[in-house]
Protein chains: 2
Amino acid sequence: MFNKQELIDFCETARSSYLDHISIDCVVFGFHEGQLKVLGLKIKNEASWYLPGGFVMKDEPIEMAANRILKERTGLDEIFLQQFRVFGDPDRARPHHDMYKDMLPPEENWFSMRFLTIGYYALVDFVNVNPTPDGHSESCTWYDLTDLPDFKLDHAQIIKSALDTLRLQLNYQPIGYNLMPKEFTMPELQKLYETILDKKLDRRNFQRRILGFGILNRSEQPRKGGAHKAPYLYSFDLKNYQNALKEGLKGGW
Amino acid sequence: MFNKQELIDFCETARSSYLDHISIDCVVFGFHEGQLKVLGLKIKNEASWYLPGGFVMKDEPIEMAANRILKERTGLDEIFLQQFRVFGDPDRARPHHDMYKDMLPPEENWFSMRFLTIGYYALVDFVNVNPTPDGHSESCTWYDLTDLPDFKLDHAQIIKSALDTLRLQLNYQPIGYNLMPKEFTMPELQKLYETILDKKLDRRNFQRRILGFGILNRSEQPRKGGAHKAPYLYSFDLKNYQNALKEGLKGGW
DNA sequence: AAGCTTGGTGTATTTTGAACACAATAGTAT
DNA sequence: ATACTATTGTGTTCAAAATACACCAAGCTT
């Protein structure tokens, strides 16, 4: 939470740089140790968590704004980023209005405004991310989707909505290029799908199906070192992958 | 296009009632005589068309705003309405900025602002719609999707994007309840699917498949009067239909 | 009544998906 | 070394679903 001087400063910059009434919130999915994770920011001295988010500059395309925000929190460029919904309840930011209402009169107070937030979700490779808190947060860290802290405002709902969209997307688009490291084994990829869908899949059938999409290349060398049989390493065939993104995996009709 | 006095009046109301920077545009799909149609507004004395649209009142949920706008243009309540994307290019409304930039200084001029528009698409029963133009348009009418007039701004792109979303939706959700009259024949419903997908479907297989969803009820009485064999009449089983909407038709994985 | 057109139902074939068996490999325990 | 175990790769079977037709029924036309 801001103190008065911080609030005044922030509001001044905000009013001059950003578009009123619009914010962006990003649900950043990562995958690590068999768990689907989401990036969250913990506010200083509070048990409050928020999604990485921000505002749109007056002359900035919204996709660029989302990318800029994510770059600041993750260090990553060129992220797979997808708009999925606008959250527009008039009361969704009421806790923020109340929090700051005594510090500044409404016409100067950025947080007394109503905000619609554009929800984006991002898929990123866990190990490439360098989570970086912003000014009002003490930490930026990964949280298990199954064990989320207390996200404020409607951010818990935004996460759920993003997950629903991701699950739906699995049905007609390939996924994984953005979530997996360059090389991975088939069981690892399967684990990703199982985690997103929250159900077990048959090992053999999964392999046949995913290979059928023709978006994977198998390396010559299997991964050695682990116990048990050495699995093959795969990587995504970027060209076919991109193509599958456009064409869809299998039309219904 | 407004004259100066109209512009002044409009801007005054707009500034006091509506949220800055946000608009809503609706792609209203109807189905008639084997053709998919879209509702368009023709501006007075111009060869310019726009989608039905409007703004969000300062204290109004965005879904309510979209419903309000559609009610004004169609007379319909309780429309199937779905948000599908935000269009946020900074230049998307440049023609509007330019059109009015000499009439009023920017700080008073509603149309000098940048607008993000939230795209909604609606599915409606053609015969129930009472197309009603708004103040600046001379007509509100249906246009064949295959033969659209010159939609301005990015509205042609919005229509295309809505259609893509609709096609995708066909794969995992039932459709038709909102587009067909209460009772209809199987060939009529098939025609709807064929029109949306823009391809021919096999008569027999279509029937089996759609019946397999269990969302249709068959009437006792076939439709008499037309030439040739009298077809059965069907109606949607609303309860199963709603359920199918929630559950989805067939998961991919 | 024959013929045309449209709609309803059935059936063979192919494709796809789900369930399962078995072989191969690398480490571990004895 | 040898047996054992956990894990991965590949194949086979069976059922369900999609596809492509064939045929029959009904209503109007001639």
# chains A, B, ... in the order shown; residues from 1 in each chain; ligands from 1

$ calpha_fit_and_write --fixed "chain B" --moving "chain A" --output "PDB file with C-alpha atoms, in the first residue's frame"
ATOM      1  CA  MET A   1     -21.847  12.752 -39.045  1.00  0.00           C
ATOM      2  CA  PHE A   2     -22.671  15.336 -36.400  1.00  0.00           C
ATOM      3  CA  ASN A   3     -22.834  19.050 -37.015  1.00  0.00           C
ATOM      4  CA  LYS A   4     -21.179  21.280 -34.459  1.00  0.00           C
ATOM      5  CA  GLN A   5     -24.121  21.787 -32.157  1.00  0.00           C
ATOM      6  CA  GLU A   6     -25.001  18.114 -32.191  1.00  0.00           C
ATOM      7  CA  LEU A   7     -21.398  17.296 -31.410  1.00  0.00           C
ATOM      8  CA  ILE A   8     -21.320  19.666 -28.462  1.00  0.00           C
ATOM      9  CA  ASP A   9     -24.516  18.209 -27.061  1.00  0.00           C
ATOM     10  CA  PHE A  10     -23.428  14.668 -27.554  1.00  0.00           C
ATOM     11  CA  CYS A  11     -20.040  15.225 -25.979  1.00  0.00           C
ATOM     12  CA  GLU A  12     -21.621  16.789 -22.940  1.00  0.00           C
ATOM     13  CA  THR A  13     -23.908  13.828 -22.304  1.00  0.00           C
ATOM     14  CA  ALA A  14     -21.206  11.351 -23.139  1.00  0.00           C
ATOM     15  CA  ARG A  15     -18.680  12.851 -20.760  1.00  0.00           C
ATOM     16  CA  SER A  16     -21.122  12.892 -17.926  1.00  0.00           C
ATOM     17  CA  SER A  17     -22.572   9.411 -18.434  1.00  0.00           C
ATOM     18  CA  TYR A  18     -20.015   7.165 -20.028  1.00  0.00           C
ATOM     19  CA  LEU A  19     -16.699   5.660 -19.177  1.00  0.00           C
ATOM     20  CA  ASP A  20     -13.848   7.182 -21.153  1.00  0.00           C
ATOM     21  CA  HIS A  21     -11.871   5.212 -23.704  1.00  0.00           C
ATOM     22  CA  ILE A  22     -14.187   2.227 -23.811  1.00  0.00           C
ATOM     23  CA  SER A  23     -16.724   1.288 -26.392  1.00  0.00           C
ATOM     24  CA  ILE A  24     -18.679  -1.813 -27.223  1.00  0.00           C
ATOM     25  CA  ASP A  25     -19.361  -3.167 -30.676  1.00  0.00           C
ATOM     26  CA  CYS A  26     -21.745  -5.988 -31.357  1.00  0.00           C
ATOM     27  CA  VAL A  27     -21.779  -8.416 -34.229  1.00  0.00           C
ATOM     28  CA  VAL A  28     -25.360  -9.588 -34.383  1.00  0.00           C
ATOM     29  CA  PHE A  29     -25.801 -12.796 -36.331  1.00  0.00           C
ATOM     30  CA  GLY A  30     -29.131 -13.827 -37.708  1.00  0.00           C
ATOM     31  CA  PHE A  31     -30.157 -16.564 -40.097  1.00  0.00           C
ATOM     32  CA  HIS A  32     -32.723 -16.148 -42.842  1.00  0.00           C
ATOM     33  CA  GLU A  33     -33.461 -17.836 -46.128  1.00  0.00           C
ATOM     34  CA  GLY A  34     -30.382 -19.948 -45.888  1.00  0.00           C
ATOM     35  CA  GLN A  35     -28.104 -16.994 -45.359  1.00  0.00           C
ATOM     36  CA  LEU A  36     -26.135 -15.871 -42.343  1.00  0.00           C
ATOM     37  CA  LYS A  37     -26.731 -12.183 -41.777  1.00  0.00           C
ATOM     38  CA  VAL A  38     -25.201  -9.391 -39.756  1.00  0.00           C
ATOM     39  CA  LEU A  39     -26.890  -6.290 -38.475  1.00  0.00           C
ATOM     40  CA  GLY A  40     -25.382  -3.030 -39.743  1.00  0.00           C
ATOM     41  CA  LEU A  41     -26.126   0.657 -39.364  1.00  0.00           C
ATOM     42  CA  LYS A  42     -25.880   3.011 -42.292  1.00  0.00           C
ATOM     43  CA  ILE A  43     -24.855   6.554 -41.431  1.00  0.00           C
ATOM     44  CA  LYS A  44     -27.056   9.368 -42.707  1.00  0.00           C
ATOM     45  CA  ASN A  45     -25.976  10.768 -46.054  1.00  0.00           C
ATOM     46  CA  GLU A  46     -22.854   8.684 -46.223  1.00  0.00           C
ATOM     47  CA  ALA A  47     -21.800   5.401 -47.727  1.00  0.00           C
ATOM     48  CA  SER A  48     -20.558   4.347 -44.307  1.00  0.00           C
ATOM     49  CA  TRP A  49     -21.661   1.418 -42.229  1.00  0.00           C
ATOM     50  CA  TYR A  50     -21.015   0.603 -38.595  1.00  0.00           C
ATOM     51  CA  LEU A  51     -21.757  -2.181 -36.198  1.00  0.00           C
ATOM     52  CA  PRO A  52     -24.346  -1.572 -33.502  1.00  0.00           C
ATOM     53  CA  GLY A  53     -22.322  -0.164 -30.690  1.00  0.00           C
ATOM     54  CA  GLY A  54     -22.168   2.217 -27.825  1.00  0.00           C
ATOM     55  CA  PHE A  55     -20.528   3.088 -24.570  1.00  0.00           C
ATOM     56  CA  VAL A  56     -20.486   1.839 -21.033  1.00  0.00           C
ATOM     57  CA  MET A  57     -22.172   3.913 -18.379  1.00  0.00           C
ATOM     58  CA  LYS A  58     -20.008   4.890 -15.491  1.00  0.00           C
ATOM     59  CA  ASP A  59     -21.614   2.428 -13.136  1.00  0.00           C
ATOM     60  CA  GLU A  60     -22.787  -0.263 -15.468  1.00  0.00           C
ATOM     61  CA  PRO A  61     -21.395  -3.782 -15.826  1.00  0.00           C
ATOM     62  CA  ILE A  62     -20.132  -4.288 -19.350  1.00  0.00           C
ATOM     63  CA  GLU A  63     -22.459  -7.205 -20.034  1.00  0.00           C
ATOM     64  CA  MET A  64     -25.356  -4.991 -19.100  1.00  0.00           C
ATOM     65  CA  ALA A  65     -24.103  -2.297 -21.426  1.00  0.00           C
ATOM     66  CA  ALA A  66     -23.910  -4.746 -24.307  1.00  0.00           C
ATOM     67  CA  ASN A  67     -27.420  -5.951 -23.573  1.00  0.00           C
ATOM     68  CA  ARG A  68     -28.725  -2.416 -23.359  1.00  0.00           C
ATOM     69  CA  ILE A  69     -27.165  -1.505 -26.700  1.00  0.00           C
ATOM     70  CA  LEU A  70     -28.647  -4.561 -28.359  1.00  0.00           C
ATOM     71  CA  LYS A  71     -32.034  -3.993 -26.868  1.00  0.00           C
ATOM     72  CA  GLU A  72     -32.080  -0.545 -28.444  1.00  0.00           C
ATOM     73  CA  ARG A  73     -31.174  -1.881 -31.896  1.00  0.00           C
ATOM     74  CA  THR A  74     -33.181  -5.088 -31.932  1.00  0.00           C
ATOM     75  CA  GLY A  75     -35.918  -4.787 -29.345  1.00  0.00           C
ATOM     76  CA  LEU A  76     -34.724  -8.056 -27.856  1.00  0.00           C
ATOM     77  CA  ASP A  77     -34.075  -8.894 -24.243  1.00  0.00           C
ATOM     78  CA  GLU A  78     -32.230 -11.964 -23.086  1.00  0.00           C
ATOM     79  CA  ILE A  79     -29.997 -12.304 -26.063  1.00  0.00           C
ATOM     80  CA  PHE A  80     -27.242 -14.864 -26.390  1.00  0.00           C
ATOM     81  CA  LEU A  81     -24.310 -12.534 -26.127  1.00  0.00           C
ATOM     82  CA  GLN A  82     -20.662 -13.349 -25.875  1.00  0.00           C
ATOM     83  CA  GLN A  83     -17.594 -11.275 -25.412  1.00  0.00           C
ATOM     84  CA  PHE A  84     -14.920 -12.412 -27.786  1.00  0.00           C
ATOM     85  CA  ARG A  85     -12.118  -9.878 -27.982  1.00  0.00           C
ATOM     86  CA  VAL A  86     -10.869  -6.397 -27.277  1.00  0.00           C
ATOM     87  CA  PHE A  87      -9.660  -4.368 -30.209  1.00  0.00           C
ATOM     88  CA  GLY A  88      -7.052  -1.989 -28.935  1.00  0.00           C
ATOM     89  CA  ASP A  89      -5.013  -0.544 -31.728  1.00  0.00           C
ATOM     90  CA  PRO A  90      -4.245   3.086 -30.892  1.00  0.00           C
ATOM     91  CA  ASP A  91      -5.124   4.181 -34.410  1.00  0.00           C
ATOM     92  CA  ARG A  92      -8.284   2.230 -34.865  1.00  0.00           C
ATOM     93  CA  ALA A  93     -10.537   5.269 -34.532  1.00  0.00           C
ATOM     94  CA  ARG A  94      -8.285   7.752 -36.293  1.00  0.00           C
ATOM     95  CA  PRO A  95     -10.864   8.508 -38.992  1.00  0.00           C
ATOM     96  CA  HIS A  96     -13.199   9.655 -36.228  1.00  0.00           C
ATOM     97  CA  HIS A  97     -10.543  11.774 -34.586  1.00  0.00           C
ATOM     98  CA  ASP A  98      -9.866  13.494 -37.877  1.00  0.00           C
ATOM     99  CA  MET A  99     -13.494  13.934 -38.760  1.00  0.00           C
ATOM    100  CA  TYR A 100     -14.240  16.018 -35.684  1.00  0.00           C
ATOM    101  CA  LYS A 101     -10.915  17.497 -34.786  1.00  0.00           C
ATOM    102  CA  ASP A 102     -11.701  20.970 -36.090  1.00  0.00           C
ATOM    103  CA  MET A 103     -15.053  21.294 -34.422  1.00  0.00           C
ATOM    104  CA  LEU A 104     -14.077  21.031 -30.783  1.00  0.00           C
ATOM    105  CA  PRO A 105     -10.834  21.151 -28.840  1.00  0.00           C
ATOM    106  CA  PRO A 106      -9.623  17.740 -27.725  1.00  0.00           C
ATOM    107  CA  GLU A 107     -10.376  18.202 -24.034  1.00  0.00           C
ATOM    108  CA  GLU A 108     -14.068  18.666 -24.773  1.00  0.00           C
ATOM    109  CA  ASN A 109     -14.217  16.368 -27.752  1.00  0.00           C
ATOM    110  CA  TRP A 110     -15.356  12.869 -26.982  1.00  0.00           C
ATOM    111  CA  PHE A 111     -14.214  11.656 -30.401  1.00  0.00           C
ATOM    112  CA  SER A 112     -10.671  12.831 -30.018  1.00  0.00           C
ATOM    113  CA  MET A 113     -10.119  10.146 -27.417  1.00  0.00           C
ATOM    114  CA  ARG A 114      -8.590   6.818 -28.058  1.00  0.00           C
ATOM    115  CA  PHE A 115     -11.137   4.016 -27.733  1.00  0.00           C
ATOM    116  CA  LEU A 116     -10.697   0.381 -27.023  1.00  0.00           C
ATOM    117  CA  THR A 117     -13.706  -1.532 -28.149  1.00  0.00           C
ATOM    118  CA  ILE A 118     -14.949  -4.714 -26.571  1.00  0.00           C
ATOM    119  CA  GLY A 119     -16.269  -7.030 -29.237  1.00  0.00           C
ATOM    120  CA  TYR A 120     -19.422  -8.989 -28.491  1.00  0.00           C
ATOM    121  CA  TYR A 121     -21.238 -11.304 -30.763  1.00  0.00           C
ATOM    122  CA  ALA A 122     -24.880 -12.116 -30.509  1.00  0.00           C
ATOM    123  CA  LEU A 123     -26.986 -14.894 -31.956  1.00  0.00           C
ATOM    124  CA  VAL A 124     -30.604 -13.988 -32.497  1.00  0.00           C
ATOM    125  CA  ASP A 125     -33.708 -15.300 -34.143  1.00  0.00           C
ATOM    126  CA  PHE A 126     -34.052 -13.267 -37.322  1.00  0.00           C
ATOM    127  CA  VAL A 127     -37.810 -12.980 -37.256  1.00  0.00           C
ATOM    128  CA  ASN A 128     -37.945 -11.620 -33.715  1.00  0.00           C
ATOM    129  CA  VAL A 129     -35.650  -8.722 -34.428  1.00  0.00           C
ATOM    130  CA  ASN A 130     -37.005  -5.267 -34.944  1.00  0.00           C
ATOM    131  CA  PRO A 131     -33.998  -3.431 -36.391  1.00  0.00           C
ATOM    132  CA  THR A 132     -33.990   0.142 -35.162  1.00  0.00           C
ATOM    133  CA  PRO A 133     -31.512   2.810 -36.280  1.00  0.00           C
ATOM    134  CA  ASP A 134     -29.988   5.197 -33.763  1.00  0.00           C
ATOM    135  CA  GLY A 135     -29.695   8.979 -33.957  1.00  0.00           C
ATOM    136  CA  HIS A 136     -26.915   9.253 -36.512  1.00  0.00           C
ATOM    137  CA  SER A 137     -27.930   6.408 -38.773  1.00  0.00           C
ATOM    138  CA  GLU A 138     -30.587   6.352 -41.433  1.00  0.00           C
ATOM    139  CA  SER A 139     -31.111   2.607 -41.344  1.00  0.00           C
ATOM    140  CA  CYS A 140     -30.475  -0.510 -39.358  1.00  0.00           C
ATOM    141  CA  THR A 141     -30.663  -3.565 -41.567  1.00  0.00           C
ATOM    142  CA  TRP A 142     -29.460  -7.070 -42.170  1.00  0.00           C
ATOM    143  CA  TYR A 143     -26.597  -7.726 -44.537  1.00  0.00           C
ATOM    144  CA  ASP A 144     -25.531 -11.001 -46.024  1.00  0.00           C
ATOM    145  CA  LEU A 145     -22.239 -12.066 -44.602  1.00  0.00           C
ATOM    146  CA  THR A 146     -21.151 -12.843 -48.127  1.00  0.00           C
ATOM    147  CA  ASP A 147     -22.047  -9.416 -49.387  1.00  0.00           C
ATOM    148  CA  LEU A 148     -21.136  -6.846 -46.781  1.00  0.00           C
ATOM    149  CA  PRO A 149     -21.189  -3.103 -47.411  1.00  0.00           C
ATOM    150  CA  ASP A 150     -18.295  -0.820 -46.582  1.00  0.00           C
ATOM    151  CA  PHE A 151     -17.927  -1.083 -42.811  1.00  0.00           C
ATOM    152  CA  LYS A 152     -15.720   1.683 -41.434  1.00  0.00           C
ATOM    153  CA  LEU A 153     -12.948   1.685 -38.846  1.00  0.00           C
ATOM    154  CA  ASP A 154     -11.965  -1.870 -37.979  1.00  0.00           C
ATOM    155  CA  HIS A 155     -15.532  -3.100 -38.051  1.00  0.00           C
ATOM    156  CA  ALA A 156     -14.976  -5.436 -40.984  1.00  0.00           C
ATOM    157  CA  GLN A 157     -12.160  -7.034 -39.048  1.00  0.00           C
ATOM    158  CA  ILE A 158     -14.362  -7.317 -35.975  1.00  0.00           C
ATOM    159  CA  ILE A 159     -16.986  -9.147 -38.003  1.00  0.00           C
ATOM    160  CA  LYS A 160     -14.418 -11.560 -39.343  1.00  0.00           C
ATOM    161  CA  SER A 161     -13.046 -12.192 -35.893  1.00  0.00           C
ATOM    162  CA  ALA A 162     -16.539 -12.841 -34.555  1.00  0.00           C
ATOM    163  CA  LEU A 163     -17.206 -15.314 -37.327  1.00  0.00           C
ATOM    164  CA  ASP A 164     -13.979 -17.155 -36.599  1.00  0.00           C
ATOM    165  CA  THR A 165     -14.964 -17.398 -32.963  1.00  0.00           C
ATOM    166  CA  LEU A 166     -18.422 -18.624 -33.860  1.00  0.00           C
ATOM    167  CA  ARG A 167     -16.973 -21.356 -36.069  1.00  0.00           C
ATOM    168  CA  LEU A 168     -14.657 -22.454 -33.331  1.00  0.00           C
ATOM    169  CA  GLN A 169     -17.461 -22.500 -30.848  1.00  0.00           C
ATOM    170  CA  LEU A 170     -19.397 -24.855 -33.062  1.00  0.00           C
ATOM    171  CA  ASN A 171     -16.862 -27.523 -32.216  1.00  0.00           C
ATOM    172  CA  TYR A 172     -17.538 -27.677 -28.551  1.00  0.00           C
ATOM    173  CA  GLN A 173     -20.882 -26.051 -27.971  1.00  0.00           C
ATOM    174  CA  PRO A 174     -24.372 -26.538 -29.314  1.00  0.00           C
ATOM    175  CA  ILE A 175     -25.618 -23.662 -31.388  1.00  0.00           C
ATOM    176  CA  GLY A 176     -28.888 -22.905 -32.947  1.00  0.00           C
ATOM    177  CA  TYR A 177     -31.251 -22.324 -30.078  1.00  0.00           C
ATOM    178  CA  ASN A 178     -30.706 -18.621 -30.457  1.00  0.00           C
ATOM    179  CA  LEU A 179     -30.645 -18.566 -34.223  1.00  0.00           C
ATOM    180  CA  MET A 180     -33.552 -20.802 -35.153  1.00  0.00           C
ATOM    181  CA  PRO A 181     -37.269 -20.279 -34.671  1.00  0.00           C
ATOM    182  CA  LYS A 182     -38.957 -22.407 -32.007  1.00  0.00           C
ATOM    183  CA  GLU A 183     -39.766 -25.182 -34.411  1.00  0.00           C
ATOM    184  CA  PHE A 184     -37.714 -26.145 -37.392  1.00  0.00           C
ATOM    185  CA  THR A 185     -36.929 -29.106 -39.580  1.00  0.00           C
ATOM    186  CA  MET A 186     -33.711 -31.027 -39.638  1.00  0.00           C
ATOM    187  CA  PRO A 187     -32.748 -29.769 -43.112  1.00  0.00           C
ATOM    188  CA  GLU A 188     -33.236 -26.211 -41.895  1.00  0.00           C
ATOM    189  CA  LEU A 189     -30.939 -26.741 -38.960  1.00  0.00           C
ATOM    190  CA  GLN A 190     -28.425 -28.392 -41.220  1.00  0.00           C
ATOM    191  CA  LYS A 191     -28.497 -25.394 -43.495  1.00  0.00           C
ATOM    192  CA  LEU A 192     -27.555 -23.214 -40.538  1.00  0.00           C
ATOM    193  CA  TYR A 193     -24.518 -25.332 -39.792  1.00  0.00           C
ATOM    194  CA  GLU A 194     -23.539 -25.447 -43.434  1.00  0.00           C
ATOM    195  CA  THR A 195     -23.819 -21.706 -43.694  1.00  0.00           C
ATOM    196  CA  ILE A 196     -21.745 -21.005 -40.627  1.00  0.00           C
ATOM    197  CA  LEU A 197     -19.092 -23.492 -41.648  1.00  0.00           C
ATOM    198  CA  ASP A 198     -19.378 -22.655 -45.314  1.00  0.00           C
ATOM    199  CA  LYS A 199     -19.340 -26.276 -46.400  1.00  0.00           C
ATOM    200  CA  LYS A 200     -21.703 -29.071 -47.272  1.00  0.00           C
ATOM    201  CA  LEU A 201     -22.503 -31.723 -44.706  1.00  0.00           C
ATOM    202  CA  ASP A 202     -23.905 -35.167 -45.220  1.00  0.00           C
ATOM    203  CA  ARG A 203     -27.602 -35.154 -44.500  1.00  0.00           C
ATOM    204  CA  ARG A 204     -27.751 -38.568 -42.843  1.00  0.00           C
ATOM    205  CA  ASN A 205     -24.665 -38.176 -40.724  1.00  0.00           C
ATOM    206  CA  PHE A 206     -25.643 -34.690 -39.653  1.00  0.00           C
ATOM    207  CA  GLN A 207     -28.943 -35.970 -38.395  1.00  0.00           C
ATOM    208  CA  ARG A 208     -27.429 -38.834 -36.472  1.00  0.00           C
ATOM    209  CA  ARG A 209     -24.838 -36.637 -34.897  1.00  0.00           C
ATOM    210  CA  ILE A 210     -27.065 -33.808 -33.854  1.00  0.00           C
ATOM    211  CA  LEU A 211     -29.622 -36.199 -32.453  1.00  0.00           C
ATOM    212  CA  GLY A 212     -26.823 -37.910 -30.584  1.00  0.00           C
ATOM    213  CA  PHE A 213     -26.284 -34.763 -28.601  1.00  0.00           C
ATOM    214  CA  GLY A 214     -29.702 -35.275 -27.109  1.00  0.00           C
ATOM    215  CA  ILE A 215     -30.689 -31.640 -27.280  1.00  0.00           C
ATOM    216  CA  LEU A 216     -33.622 -31.945 -29.659  1.00  0.00           C
ATOM    217  CA  ASN A 217     -37.228 -32.930 -29.212  1.00  0.00           C
ATOM    218  CA  ARG A 218     -39.255 -34.174 -32.140  1.00  0.00           C
ATOM    219  CA  SER A 219     -42.853 -33.046 -32.507  1.00  0.00           C
ATOM    220  CA  GLU A 220     -45.605 -35.482 -33.271  1.00  0.00           C
ATOM    221  CA  GLN A 221     -46.790 -33.594 -36.283  1.00  0.00           C
ATOM    222  CA  PRO A 222     -44.669 -33.170 -39.362  1.00  0.00           C
ATOM    223  CA  ARG A 223     -44.851 -29.921 -41.292  1.00  0.00           C
ATOM    224  CA  LYS A 224     -47.429 -30.248 -44.012  1.00  0.00           C
ATOM    225  CA  GLY A 225     -48.089 -28.093 -47.017  1.00  0.00           C
ATOM    226  CA  GLY A 226     -44.743 -27.945 -48.752  1.00  0.00           C
ATOM    227  CA  ALA A 227     -44.119 -30.042 -51.782  1.00  0.00           C
ATOM    228  CA  HIS A 228     -42.539 -33.436 -51.208  1.00  0.00           C
ATOM    229  CA  LYS A 229     -42.359 -35.499 -48.109  1.00  0.00           C
ATOM    230  CA  ALA A 230     -43.412 -33.751 -44.918  1.00  0.00           C
ATOM    231  CA  PRO A 231     -40.436 -33.348 -42.603  1.00  0.00           C
ATOM    232  CA  TYR A 232     -40.627 -33.706 -38.838  1.00  0.00           C
ATOM    233  CA  LEU A 233     -40.490 -30.596 -36.738  1.00  0.00           C
ATOM    234  CA  TYR A 234     -37.941 -30.326 -33.968  1.00  0.00           C
ATOM    235  CA  SER A 235     -37.427 -27.979 -31.088  1.00  0.00           C
ATOM    236  CA  PHE A 236     -34.553 -27.618 -28.681  1.00  0.00           C
ATOM    237  CA  ASP A 237     -34.748 -29.329 -25.332  1.00  0.00           C
ATOM    238  CA  LEU A 238     -33.804 -26.279 -23.341  1.00  0.00           C
ATOM    239  CA  LYS A 239     -32.675 -28.151 -20.286  1.00  0.00           C
ATOM    240  CA  ASN A 240     -30.336 -30.474 -22.115  1.00  0.00           C
ATOM    241  CA  TYR A 241     -29.238 -27.619 -24.320  1.00  0.00           C
ATOM    242  CA  GLN A 242     -28.180 -25.499 -21.364  1.00  0.00           C
ATOM    243  CA  ASN A 243     -26.424 -28.462 -19.937  1.00  0.00           C
ATOM    244  CA  ALA A 244     -24.529 -29.089 -23.170  1.00  0.00           C
ATOM    245  CA  LEU A 245     -23.492 -25.433 -23.165  1.00  0.00           C
ATOM    246  CA  LYS A 246     -21.862 -25.926 -19.812  1.00  0.00           C
ATOM    247  CA  GLU A 247     -20.430 -29.377 -20.269  1.00  0.00           C
ATOM    248  CA  GLY A 248     -19.257 -29.015 -23.829  1.00  0.00           C
ATOM    249  CA  LEU A 249     -20.120 -31.474 -26.529  1.00  0.00           C
ATOM    250  CA  LYS A 250     -17.128 -33.756 -26.594  1.00  0.00           C
ATOM    251  CA  GLY A 251     -13.828 -33.309 -24.874  1.00  0.00           C
ATOM    252  CA  GLY A 252     -10.747 -33.750 -26.981  1.00  0.00           C
ATOM    253  CA  TRP A 253      -8.658 -35.518 -24.393  1.00  0.00           C
TER     254      TRP A 253
END

$ select_by_dssp --residues "region 181-247 of chain A" --states "strand (DSSP E)" --output "list of chain:residue names"
A:Leu216, A:Asn217, A:Arg218, A:Ser219, A:Glu220, A:Gln221, A:Pro222, A:Tyr232, A:Leu233, A:Tyr234, A:Ser235, A:Phe236

$ residues_around --residues "DT13 (chain D)" --least-positions-apart "3" --cutoff "10 Å" --atoms "only C-alpha atoms (C1' of nucleotides)" --output "PyMOL selection string"
chain C and resi 19-21

$ write_last_selection --atoms "C-alpha atoms (C1' of nucleotides)" --output "PDB file, in the first residue's frame"
ATOM      1  C1'  DA C  19      -7.514 -50.701 -23.232  1.00  0.00           C
ATOM      2  C1'  DC C  20      -4.067 -53.699 -22.774  1.00  0.00           C
ATOM      3  C1'  DA C  21       0.276 -57.013 -23.594  1.00  0.00           C
TER       4       DA C  21
END

$ residues_around --residues "DA18 (chain D)" --least-positions-apart "4" --cutoff "9 Å" --atoms "only C-alpha atoms (C1' of nucleotides)" --output "list in words"
Asn205 of chain B; DT14, DT15 and DT16 of chain C

$ atom_distance --atom1 "C1' of DA26 (chain C)" --atom2 "C1' of DG9 (chain D)"
13.7 Å

$ residues_around --residues "DG17 (chain C)" --least-positions-apart "5" --cutoff "9 Å" --atoms "only C-alpha atoms (C1' of nucleotides)" --output "list of chain:residue names"
A:Asn205, D:DA15, D:DA16, D:DA17

$ write_last_selection --atoms "C-alpha atoms (C1' of nucleotides)" --output "short mmCIF file (atom, residue, chain, number, x, y, z; two decimals), in the first residue's frame"
data_model
loop_
_atom_site.label_atom_id
_atom_site.label_comp_id
_atom_site.auth_asym_id
_atom_site.auth_seq_id
_atom_site.Cartn_x
_atom_site.Cartn_y
_atom_site.Cartn_z
CA ASN A 205 -2.11 -43.53 -26.56
"C1'" DA D 15 -15.11 -50.88 -29.47
"C1'" DA D 16 -16.89 -46.52 -30.82
"C1'" DA D 17 -17.40 -43.00 -34.13
#

$ atom_distance --atom1 "C1' of DA12 (chain C)" --atom2 "C1' of DA25 (chain D)"
22.3 Å

$ atom_distance --atom1 "C1' of DC22 (chain C)" --atom2 "C1' of DA3 (chain D)"
19.0 Å

$ closest_atom_pairs --of "chain C" --to "chain B" --cutoff "10 Å" --atoms "only C-alpha atoms (C1' of nucleotides)" --output "Markdown table"
| residue | atom | partner | partner_atom | distance |
| --- | --- | --- | --- | --- |
| C:DC4 | C1' | B:His228 | CA | 9.3 |
| C:DT5 | C1' | B:His228 | CA | 6.3 |
| C:DT6 | C1' | B:His228 | CA | 5.5 |
| C:DG7 | C1' | B:Pro231 | CA | 5.9 |
| C:DG8 | C1' | B:Pro231 | CA | 8.5 |
| C:DT9 | C1' | B:Arg204 | CA | 8.8 |

$ interface_residues --of "chain D" --to "chain B" --cutoff "6 Å" --atoms "only C-alpha atoms (C1' of nucleotides)" --output "ChimeraX atom specification"
/D:26-28
